[in-house]
file work_25.cif (mmCIF, C-alpha atoms and all ligand atoms)
data_target
#
loop_
_atom_site.label_atom_id
_atom_site.label_comp_id
_atom_site.auth_asym_id
_atom_site.auth_seq_id
_atom_site.Cartn_x
_atom_site.Cartn_y
_atom_site.Cartn_z
CA MET A 36 130.28 91.15 98.00
CA LYS A 37 128.31 91.98 94.88
CA GLU A 38 125.67 94.65 95.31
CA LYS A 39 122.02 93.65 94.96
CA PHE A 40 119.53 95.54 92.81
CA TYR A 41 115.80 95.50 93.52
CA ILE A 42 112.98 97.23 91.68
CA PHE A 43 109.78 98.08 93.58
CA LEU A 44 107.01 98.31 91.00
CA GLY A 45 103.40 99.31 91.59
CA PRO A 46 100.90 102.13 91.48
CA PRO A 47 101.34 105.36 93.47
CA GLY A 48 100.43 104.75 97.10
CA ALA A 49 101.11 100.99 96.96
CA GLY A 50 103.50 101.27 99.91
CA LYS A 51 106.75 101.05 97.93
CA GLY A 52 108.37 104.05 99.61
CA THR A 53 107.48 102.98 103.16
CA GLN A 54 108.87 99.49 102.61
CA ALA A 55 111.94 100.71 100.71
CA LYS A 56 112.91 103.02 103.60
CA TYR A 57 112.47 100.25 106.17
CA LEU A 58 114.43 97.66 104.17
CA ALA A 59 117.18 100.08 103.18
CA ASP A 60 117.84 100.73 106.89
CA LYS A 61 117.67 97.08 107.81
CA PHE A 62 119.92 95.70 105.03
CA ASN A 63 122.15 98.74 104.43
CA PHE A 64 120.75 99.32 100.95
CA HIS A 65 120.43 102.70 99.30
CA GLN A 66 116.88 103.66 98.32
CA ILE A 67 116.71 105.48 95.01
CA SER A 68 113.28 107.11 94.95
CA THR A 69 113.15 109.25 91.83
CA GLY A 70 110.03 110.98 93.24
CA ASP A 71 111.84 111.95 96.47
CA ILE A 72 114.89 113.17 94.54
CA LEU A 73 112.72 115.26 92.22
CA ARG A 74 110.74 116.76 95.14
CA TYR A 75 114.01 117.62 96.90
CA ASN A 76 115.10 119.48 93.77
CA VAL A 77 111.75 121.27 93.57
CA ASP A 78 112.12 122.38 97.23
CA GLN A 79 115.68 123.56 96.59
CA GLY A 80 114.65 125.44 93.45
CA THR A 81 117.33 123.80 91.28
CA GLU A 82 117.16 123.85 87.47
CA LEU A 83 116.08 120.20 87.55
CA GLY A 84 113.45 121.08 90.17
CA LYS A 85 112.01 123.84 88.00
CA ILE A 86 111.67 121.51 85.02
CA ALA A 87 110.34 118.62 87.13
CA HIS A 88 107.72 120.73 88.89
CA SER A 89 105.79 121.44 85.70
CA TYR A 90 105.37 117.69 85.14
CA ILE A 91 104.80 116.65 88.77
CA SER A 92 102.08 119.23 89.43
CA GLU A 93 100.08 117.83 86.50
CA GLY A 94 100.64 114.19 87.36
CA LYS A 95 102.74 113.66 84.23
CA LEU A 96 106.01 111.77 83.95
CA VAL A 97 109.29 113.66 83.85
CA PRO A 98 111.08 112.84 80.53
CA ASP A 99 113.01 109.56 80.44
CA ASP A 100 116.41 111.07 79.58
CA ILE A 101 116.30 113.34 82.66
CA ILE A 102 115.35 110.43 84.90
CA LEU A 103 118.02 108.10 83.51
CA ASP A 104 120.76 110.74 83.98
CA LEU A 105 119.61 111.26 87.54
CA VAL A 106 119.64 107.53 88.36
CA LYS A 107 123.08 107.08 86.80
CA ASP A 108 124.38 109.95 88.90
CA TYR A 109 122.99 108.50 92.17
CA LEU A 110 124.29 105.01 91.40
CA GLY A 111 127.75 106.47 90.78
CA ARG A 112 127.66 108.34 94.08
CA PHE A 113 126.67 105.38 96.26
CA ARG A 114 128.29 102.41 94.49
CA GLY A 115 130.70 100.54 96.74
CA GLN A 116 129.22 102.05 99.92
CA VAL A 117 126.12 99.90 100.40
CA ASN A 118 124.97 96.28 100.08
CA GLY A 119 122.54 97.13 97.32
CA PHE A 120 119.98 99.47 95.84
CA ILE A 121 116.20 99.63 95.90
CA PHE A 122 114.67 101.48 92.96
CA ASP A 123 111.41 102.93 94.23
CA GLY A 124 109.12 104.45 91.60
CA PHE A 125 111.68 103.77 88.87
CA PRO A 126 111.59 102.56 86.13
CA ARG A 127 108.19 103.89 85.13
CA THR A 128 108.35 103.32 81.36
CA ILE A 129 109.70 100.58 79.09
CA ASP A 130 112.37 103.04 77.86
CA GLN A 131 113.49 103.65 81.45
CA ALA A 132 113.63 99.88 82.07
CA GLU A 133 115.78 99.36 78.97
CA GLY A 134 117.95 102.32 79.96
CA LEU A 135 118.43 100.83 83.42
CA ASN A 136 119.49 97.47 81.93
CA GLU A 137 122.15 99.29 79.91
CA ILE A 138 123.41 101.28 82.91
CA LEU A 139 123.70 98.12 84.99
CA GLN A 140 125.36 96.12 82.21
CA GLU A 141 128.03 98.82 81.83
CA ASN A 142 129.10 97.87 85.37
CA GLN A 143 128.52 94.11 85.06
CA ASN A 144 125.52 94.43 87.38
CA LYS A 145 122.01 93.05 86.96
CA ILE A 146 118.58 93.24 88.54
CA ASP A 147 118.11 90.65 91.29
CA LYS A 148 114.35 90.95 91.75
CA VAL A 149 111.43 93.02 90.52
CA ILE A 150 108.83 93.13 93.25
CA TYR A 151 105.36 94.10 92.11
CA PHE A 152 103.03 95.48 94.80
CA ASN A 153 99.54 94.41 93.79
CA VAL A 154 96.90 96.76 95.29
CA ASP A 155 93.35 97.35 94.06
CA GLU A 156 92.31 100.71 92.67
CA GLN A 157 89.92 101.70 95.47
CA THR A 158 92.64 101.18 98.06
CA ILE A 159 95.11 103.16 95.96
CA ILE A 160 92.80 106.16 95.73
CA ALA A 161 92.02 106.04 99.47
CA ARG A 162 95.72 105.76 100.37
CA ASN A 163 96.74 108.68 98.17
CA ILE A 164 93.96 110.98 99.38
CA ASN A 165 94.84 110.21 103.00
CA ARG A 166 98.61 110.52 102.64
CA ARG A 167 100.19 113.39 104.59
CA VAL A 168 103.84 114.36 104.80
CA CYS A 169 105.94 116.31 107.27
CA PRO A 170 107.27 119.30 105.32
CA LYS A 171 110.41 119.26 107.48
CA CYS A 172 111.62 115.65 107.89
CA LYS A 173 109.49 114.22 105.03
CA LYS A 174 108.11 111.39 107.19
CA VAL A 175 105.02 109.96 105.50
CA TYR A 176 101.76 109.34 107.37
CA ASN A 177 98.40 107.97 106.39
CA LEU A 178 95.35 109.36 108.15
CA LEU A 179 93.59 105.99 107.87
CA VAL A 180 96.23 103.41 108.72
CA LYS A 181 99.23 105.31 110.11
CA PRO A 182 97.99 108.60 111.60
CA PRO A 183 100.22 110.94 113.63
CA GLU A 184 99.94 110.70 117.42
CA HIS A 185 98.57 114.23 117.88
CA ASP A 186 96.17 116.09 115.59
CA LEU A 187 97.92 116.66 112.27
CA LEU A 188 101.39 117.18 113.71
CA CYS A 189 104.53 115.24 112.81
CA ASP A 190 105.46 112.90 115.69
CA ILE A 191 109.11 113.90 115.33
CA CYS A 192 109.11 117.61 114.39
CA GLN A 193 105.70 118.69 115.78
CA VAL A 194 105.23 120.58 112.50
CA GLU A 195 101.82 120.56 110.79
CA LEU A 196 101.58 117.85 108.13
CA VAL A 197 100.81 118.76 104.54
CA GLN A 198 99.24 117.03 101.56
CA ARG A 199 101.43 116.58 98.47
CA GLU A 200 100.05 118.74 95.66
CA ASP A 201 99.88 115.67 93.42
CA ASP A 202 97.84 113.78 96.05
CA LYS A 203 94.86 116.11 95.51
CA PRO A 204 91.96 114.13 93.96
CA ASP A 205 92.08 115.61 90.43
CA VAL A 206 95.83 115.01 90.06
CA ILE A 207 95.57 111.50 91.55
CA SER A 208 93.24 110.41 88.77
CA ASP A 209 95.71 111.76 86.17
CA ARG A 210 98.57 109.93 87.87
CA LEU A 211 96.59 106.70 87.86
CA ASN A 212 95.86 107.07 84.14
CA VAL A 213 99.55 107.68 83.47
CA TYR A 214 100.39 104.64 85.59
CA LYS A 215 98.04 102.43 83.58
CA ALA A 216 99.26 103.70 80.20
CA LYS A 217 103.02 103.92 80.82
CA THR A 218 104.01 101.88 83.87
CA GLU A 219 101.62 98.91 83.96
CA PRO A 220 103.19 97.49 80.75
CA LEU A 221 106.32 96.92 82.84
CA ILE A 222 104.51 94.09 84.62
CA ASP A 223 104.53 92.01 81.40
CA PHE A 224 108.00 93.29 80.50
CA TYR A 225 109.46 91.91 83.73
CA LYS A 226 107.24 88.80 83.83
CA GLN A 227 109.25 87.62 80.83
CA THR A 228 112.32 87.50 83.07
CA ASP A 229 112.84 85.12 85.99
CA LYS A 230 113.14 88.09 88.35
CA PHE A 231 109.46 88.93 88.76
CA VAL A 232 107.79 88.48 92.15
CA GLU A 233 104.28 89.60 93.04
CA ILE A 234 103.27 90.48 96.58
CA ASN A 235 99.89 91.38 98.04
CA GLY A 236 100.20 95.10 98.80
CA GLN A 237 96.78 95.14 100.50
CA LEU A 238 98.26 93.53 103.62
CA SER A 239 99.39 95.58 106.61
CA VAL A 240 102.74 97.39 106.51
CA GLU A 241 104.16 94.77 108.91
CA GLN A 242 102.91 91.79 106.90
CA VAL A 243 104.21 93.18 103.61
CA ALA A 244 107.58 93.79 105.29
CA ILE A 245 107.75 90.12 106.37
CA HIS A 246 107.16 88.95 102.77
CA LEU A 247 109.77 91.34 101.43
CA GLU A 248 112.39 90.31 103.96
CA LYS A 249 111.89 86.69 102.88
CA GLU A 250 112.41 87.69 99.24
CA ILE A 251 115.58 89.56 100.09
CA ASN A 252 116.91 86.74 102.23
CA GLY A 253 116.09 84.35 99.36
CA ILE A 254 113.76 82.19 101.49
P1 LIG B 301 106.31 109.44 93.24
O1 LIG B 301 106.73 110.08 94.50
O2 LIG B 301 107.13 108.24 92.88
O3 LIG B 301 104.83 109.14 93.22
O4 LIG B 301 106.59 110.49 92.06
C1 LIG B 301 105.97 111.75 92.05
C2 LIG B 301 106.04 112.35 90.65
O5 LIG B 301 107.42 112.53 90.28
C3 LIG B 301 105.45 111.51 89.53
O6 LIG B 301 104.06 111.67 89.40
C4 LIG B 301 106.22 112.04 88.32
O7 LIG B 301 105.74 113.31 87.92
C5 LIG B 301 107.61 112.23 88.89
N1 LIG B 301 108.42 111.00 88.79
C6 LIG B 301 108.90 110.24 89.82
N2 LIG B 301 109.60 109.20 89.38
C7 LIG B 301 109.56 109.26 88.03
C8 LIG B 301 110.08 108.43 86.99
N3 LIG B 301 110.78 107.31 87.25
N4 LIG B 301 109.83 108.81 85.71
C9 LIG B 301 109.15 109.94 85.42
N5 LIG B 301 108.61 110.75 86.34
C10 LIG B 301 108.81 110.41 87.65
#

call {"tool": "encode", "arguments": {"input": "work_25.cif", "output": "structure tokens"}}
result
Amino acid sequence: MKEKFYIFLGPPGAGKGTQAKYLADKFNFHQISTGDILRYNVDQGTELGKIAHSYISEGKLVPDDIILDLVKDYLGRFRGQVNGFIFDGFPRTIDQAEGLNEILQENQNKIDKVIYFNVDEQTIIARNINRRVCPKCKKVYNLLVKPPEHDLLCDICQVELVQREDDKPDVISDRLNVYKAKTEPLIDFYKQTDKFVEINGQLSVEQVAIHLEKEINGI
């Protein structure tokens, strides 16, 4: 069976990561979250992590060539082992999107759908400010809509949750500006293809998941 390729496009905090994890489990896809991979490298103190940290901490984008090499590497590692891939938080620039097309073409693959999570700016800011993460298992919570069961402790590890350094209010506004300048143009880029699908990212996690499952099942 030919592998499927999905892009989840949308502003930070739109719910892409939550949905990508859920769907990857359900359909045996591999989630390629460039943000998660970069943060892992920062935690591990790798060379890539050291370079990436200087960009991430200021809400800037890591250079396109670094990101494209990383994605190529992950695709190579997981090809043939899963039913498909969900790109979460990638591509983030037109150059990354063109680079991805080239990588896929080299292997006679193509994007199946680009799913754009439409969420208004107020909701985005509230979601980012209220996001908390378990430093151990990386499970993501939201103090407003998906709080932990007890205080600020991870339900699984019982470790105190932390706020991502780039979810602090001053960095969030920089990230949103970068999103508007560099990533939003991808909406028109992909609208020119017949792969573009828009979903209402304001809905609950469960409702968004239902819409996405229909898209994946081709209903
Ligand atoms: P995310 O977890 O997707 O919000 O990403 C966190 C940060 O990692 C971003 O603000 C960027 O600094 C960096 N990053 C993640 N993905 C990319 C990408 N595709 N291109 C450039 N930088 C990225």

call {"tool": "closest_atom_pairs", "arguments": {"input": "work_25.cif", "of": "chain A", "to": "ligand LIG 301 (chain B)", "cutoff": "7 Å", "atoms": "only C-alpha atoms and all ligand atoms", "output": "Markdown table"}}
result
| residue | atom | partner | partner_atom | distance |
| --- | --- | --- | --- | --- |
| A:Pro47 | CA | B:LIG301 | O3 | 5.2 |
| A:Ser68 | CA | B:LIG301 | O2 | 6.6 |
| A:Thr69 | CA | B:LIG301 | N2 | 4.3 |
| A:Gly70 | CA | B:LIG301 | O1 | 3.6 |
| A:Asp71 | CA | B:LIG301 | O1 | 5.8 |
| A:Leu73 | CA | B:LIG301 | O5 | 6.3 |
| A:Tyr90 | CA | B:LIG301 | O7 | 5.2 |
| A:Ile91 | CA | B:LIG301 | O7 | 3.6 |
| A:Gly94 | CA | B:LIG301 | O6 | 4.7 |
| A:Lys95 | CA | B:LIG301 | O7 | 4.8 |
| A:Leu96 | CA | B:LIG301 | N5 | 3.7 |
| A:Val97 | CA | B:LIG301 | N5 | 3.9 |
| A:Pro98 | CA | B:LIG301 | C9 | 6.0 |
| A:Asp99 | CA | B:LIG301 | N4 | 6.2 |
| A:Ile102 | CA | B:LIG301 | N4 | 5.8 |
| A:Asp123 | CA | B:LIG301 | O2 | 7.0 |
| A:Gly124 | CA | B:LIG301 | O2 | 4.5 |
| A:Phe125 | CA | B:LIG301 | N3 | 4.0 |
| A:Pro126 | CA | B:LIG301 | N3 | 4.9 |
| A:Arg127 | CA | B:LIG301 | N3 | 4.8 |
| A:Arg210 | CA | B:LIG301 | O6 | 6.0 |

call {"tool": "write_last_selection", "arguments": {"input": "work_25.cif", "atoms": "C-alpha atoms", "output": "PDB file, keeping the file's coordinate frame"}}
result
ATOM      1  CA  PRO A  47     101.340 105.360  93.470  1.00  0.00           C
ATOM      2  CA  SER A  68     113.280 107.110  94.950  1.00  0.00           C
ATOM      3  CA  THR A  69     113.150 109.250  91.830  1.00  0.00           C
ATOM      4  CA  GLY A  70     110.030 110.980  93.240  1.00  0.00           C
ATOM      5  CA  ASP A  71     111.840 111.950  96.470  1.00  0.00           C
ATOM      6  CA  LEU A  73     112.720 115.260  92.220  1.00  0.00           C
ATOM      7  CA  TYR A  90     105.370 117.690  85.140  1.00  0.00           C
ATOM      8  CA  ILE A  91     104.800 116.650  88.770  1.00  0.00           C
ATOM      9  CA  GLY A  94     100.640 114.190  87.360  1.00  0.00           C
ATOM     10  CA  LYS A  95     102.740 113.660  84.230  1.00  0.00           C
ATOM     11  CA  LEU A  96     106.010 111.770  83.950  1.00  0.00           C
ATOM     12  CA  VAL A  97     109.290 113.660  83.850  1.00  0.00           C
ATOM     13  CA  PRO A  98     111.080 112.840  80.530  1.00  0.00           C
ATOM     14  CA  ASP A  99     113.010 109.560  80.440  1.00  0.00           C
ATOM     15  CA  ILE A 102     115.350 110.430  84.900  1.00  0.00           C
ATOM     16  CA  ASP A 123     111.410 102.930  94.230  1.00  0.00           C
ATOM     17  CA  GLY A 124     109.120 104.450  91.600  1.00  0.00           C
ATOM     18  CA  PHE A 125     111.680 103.770  88.870  1.00  0.00           C
ATOM     19  CA  PRO A 126     111.590 102.560  86.130  1.00  0.00           C
ATOM     20  CA  ARG A 127     108.190 103.890  85.130  1.00  0.00           C
ATOM     21  CA  ARG A 210      98.570 109.930  87.870  1.00  0.00           C
TER      22      ARG A 210
END

call {"tool": "closest_residue", "arguments": {"input": "work_25.cif", "among": "A:Val168, A:Leu211, A:Ala87, A:Val206", "to": "Asp190 in chain A", "atoms": "all atoms listed in the file"}}
result
A:Val168

call {"tool": "atom_distance", "arguments": {"input": "work_25.cif", "atom1": "CA of Gln54 in chain A", "atom2": "CA of Ala244 in chain A"}}
result
6.4 Å

call {"tool": "residues_around", "arguments": {"input": "work_25.cif", "residues": "Ala132 in chain A", "least_positions_apart": "4", "cutoff": "12 Å", "atoms": "only C-alpha atoms", "output": "number ranges by chain"}}
result
A: 42, 44, 99-100, 102-103, 106, 122, 124-128, 136-139, 145-146, 149, 217-218, 220-222, 224-225

call {"tool": "atom_distance", "arguments": {"input": "work_25.cif", "atom1": "CA of Gln242 in chain A", "atom2": "CA of Asn212 in chain A"}}
result
28.3 Å

call {"tool": "closest_residue", "arguments": {"input": "work_25.cif", "among": "A:Glu141, A:Ile129, A:Glu156, A:Gly45", "to": "Glu233 in chain A", "atoms": "all atoms listed in the file"}}
result
A:Gly45

call {"tool": "atom_distance", "arguments": {"input": "work_25.cif", "atom1": "CA of Cys192 in chain A", "atom2": "CA of Cys172 in chain A"}}
result
7.2 Å

call {"tool": "residues_around", "arguments": {"input": "work_25.cif", "residues": "Pro204 in chain A", "least_positions_apart": "6", "cutoff": "10 Å", "atoms": "only C-alpha atoms", "output": "JSON, numbers by chain"}}
result
{"A": [160, 161, 163, 164, 210]}

call {"tool": "closest_residue", "arguments": {"input": "work_25.cif", "among": "A:Val117, A:Cys189, A:Leu135, A:Ile86", "to": "Asp104 in chain A", "atoms": "all atoms listed in the file"}}
result
A:Leu135

call {"tool": "closest_residue", "arguments": {"input": "work_25.cif", "among": "A:Gly48, A:Gly134, A:Gly115, A:Gly84", "to": "Asn165 in chain A", "atoms": "all atoms listed in the file"}}
result
A:Gly48

call {"tool": "build_atoms", "arguments": {"input": "work_25.cif", "residues": "range 185-203 of chain A", "atoms": "N, CA, C and O atoms", "output": "PDB file, keeping the file's coordinate frame"}}
result
ATOM      1  N   HIS A 185      99.363 113.078 117.454  1.00  0.00           N
ATOM      2  CA  HIS A 185      98.570 114.230 117.880  1.00  0.00           C
ATOM      3  C   HIS A 185      98.083 115.035 116.689  1.00  0.00           C
ATOM      4  O   HIS A 185      98.898 115.468 115.859  1.00  0.00           O
ATOM      5  N   ASP A 186      96.793 115.259 116.627  1.00  0.00           N
ATOM      6  CA  ASP A 186      96.170 116.090 115.590  1.00  0.00           C
ATOM      7  C   ASP A 186      96.811 115.791 114.232  1.00  0.00           C
ATOM      8  O   ASP A 186      96.889 114.656 113.813  1.00  0.00           O
ATOM      9  N   LEU A 187      97.283 116.855 113.583  1.00  0.00           N
ATOM     10  CA  LEU A 187      97.920 116.660 112.270  1.00  0.00           C
ATOM     11  C   LEU A 187      99.377 117.068 112.346  1.00  0.00           C
ATOM     12  O   LEU A 187      99.934 117.626 111.417  1.00  0.00           O
ATOM     13  N   LEU A 188      99.993 116.767 113.510  1.00  0.00           N
ATOM     14  CA  LEU A 188     101.390 117.180 113.710  1.00  0.00           C
ATOM     15  C   LEU A 188     102.342 116.008 113.540  1.00  0.00           C
ATOM     16  O   LEU A 188     102.035 114.877 113.938  1.00  0.00           O
ATOM     17  N   CYS A 189     103.505 116.283 112.954  1.00  0.00           N
ATOM     18  CA  CYS A 189     104.530 115.240 112.810  1.00  0.00           C
ATOM     19  C   CYS A 189     104.972 114.776 114.192  1.00  0.00           C
ATOM     20  O   CYS A 189     105.259 115.605 115.058  1.00  0.00           O
ATOM     21  N   ASP A 190     105.057 113.457 114.394  1.00  0.00           N
ATOM     22  CA  ASP A 190     105.460 112.900 115.690  1.00  0.00           C
ATOM     23  C   ASP A 190     106.866 113.366 116.070  1.00  0.00           C
ATOM     24  O   ASP A 190     107.190 113.509 117.245  1.00  0.00           O
ATOM     25  N   ILE A 191     107.709 113.566 115.059  1.00  0.00           N
ATOM     26  CA  ILE A 191     109.110 113.900 115.330  1.00  0.00           C
ATOM     27  C   ILE A 191     109.318 115.408 115.444  1.00  0.00           C
ATOM     28  O   ILE A 191     109.883 115.901 116.409  1.00  0.00           O
ATOM     29  N   CYS A 192     108.810 116.164 114.463  1.00  0.00           N
ATOM     30  CA  CYS A 192     109.110 117.610 114.390  1.00  0.00           C
ATOM     31  C   CYS A 192     108.026 118.492 115.009  1.00  0.00           C
ATOM     32  O   CYS A 192     108.240 119.694 115.178  1.00  0.00           O
ATOM     33  N   GLN A 193     106.847 117.911 115.271  1.00  0.00           N
ATOM     34  CA  GLN A 193     105.700 118.690 115.780  1.00  0.00           C
ATOM     35  C   GLN A 193     105.276 119.789 114.799  1.00  0.00           C
ATOM     36  O   GLN A 193     104.691 120.803 115.183  1.00  0.00           O
ATOM     37  N   VAL A 194     105.605 119.616 113.545  1.00  0.00           N
ATOM     38  CA  VAL A 194     105.230 120.580 112.500  1.00  0.00           C
ATOM     39  C   VAL A 194     103.935 120.073 111.861  1.00  0.00           C
ATOM     40  O   VAL A 194     103.704 118.864 111.787  1.00  0.00           O
ATOM     41  N   GLU A 195     103.082 120.987 111.405  1.00  0.00           N
ATOM     42  CA  GLU A 195     101.820 120.560 110.790  1.00  0.00           C
ATOM     43  C   GLU A 195     102.063 119.814 109.472  1.00  0.00           C
ATOM     44  O   GLU A 195     102.838 120.271 108.620  1.00  0.00           O
ATOM     45  N   LEU A 196     101.399 118.667 109.338  1.00  0.00           N
ATOM     46  CA  LEU A 196     101.580 117.850 108.130  1.00  0.00           C
ATOM     47  C   LEU A 196     100.899 118.510 106.944  1.00  0.00           C
ATOM     48  O   LEU A 196      99.925 119.253 107.098  1.00  0.00           O
ATOM     49  N   VAL A 197     101.404 118.196 105.750  1.00  0.00           N
ATOM     50  CA  VAL A 197     100.810 118.760 104.540  1.00  0.00           C
ATOM     51  C   VAL A 197     100.447 117.635 103.575  1.00  0.00           C
ATOM     52  O   VAL A 197     100.929 116.512 103.699  1.00  0.00           O
ATOM     53  N   GLN A 198      99.583 117.984 102.616  1.00  0.00           N
ATOM     54  CA  GLN A 198      99.240 117.030 101.560  1.00  0.00           C
ATOM     55  C   GLN A 198     100.094 117.347 100.337  1.00  0.00           C
ATOM     56  O   GLN A 198     100.229 118.533  99.976  1.00  0.00           O
ATOM     57  N   ARG A 199     100.677 116.345  99.713  1.00  0.00           N
ATOM     58  CA  ARG A 199     101.430 116.580  98.470  1.00  0.00           C
ATOM     59  C   ARG A 199     100.488 117.163  97.432  1.00  0.00           C
ATOM     60  O   ARG A 199      99.344 116.732  97.328  1.00  0.00           O
ATOM     61  N   GLU A 200     100.968 118.118  96.631  1.00  0.00           N
ATOM     62  CA  GLU A 200     100.050 118.740  95.660  1.00  0.00           C
ATOM     63  C   GLU A 200      99.542 117.717  94.657  1.00  0.00           C
ATOM     64  O   GLU A 200      98.421 117.827  94.165  1.00  0.00           O
ATOM     65  N   ASP A 201     100.354 116.679  94.391  1.00  0.00           N
ATOM     66  CA  ASP A 201      99.880 115.670  93.420  1.00  0.00           C
ATOM     67  C   ASP A 201      99.066 114.579  94.088  1.00  0.00           C
ATOM     68  O   ASP A 201      98.704 113.597  93.442  1.00  0.00           O
ATOM     69  N   ASP A 202      98.758 114.711  95.394  1.00  0.00           N
ATOM     70  CA  ASP A 202      97.840 113.780  96.050  1.00  0.00           C
ATOM     71  C   ASP A 202      96.424 114.358  96.117  1.00  0.00           C
ATOM     72  O   ASP A 202      95.529 113.758  96.723  1.00  0.00           O
ATOM     73  N   LYS A 203      96.212 115.533  95.549  1.00  0.00           N
ATOM     74  CA  LYS A 203      94.860 116.110  95.510  1.00  0.00           C
ATOM     75  C   LYS A 203      94.054 115.285  94.487  1.00  0.00           C
ATOM     76  O   LYS A 203      94.615 114.837  93.461  1.00  0.00           O
TER      77      LYS A 203
END
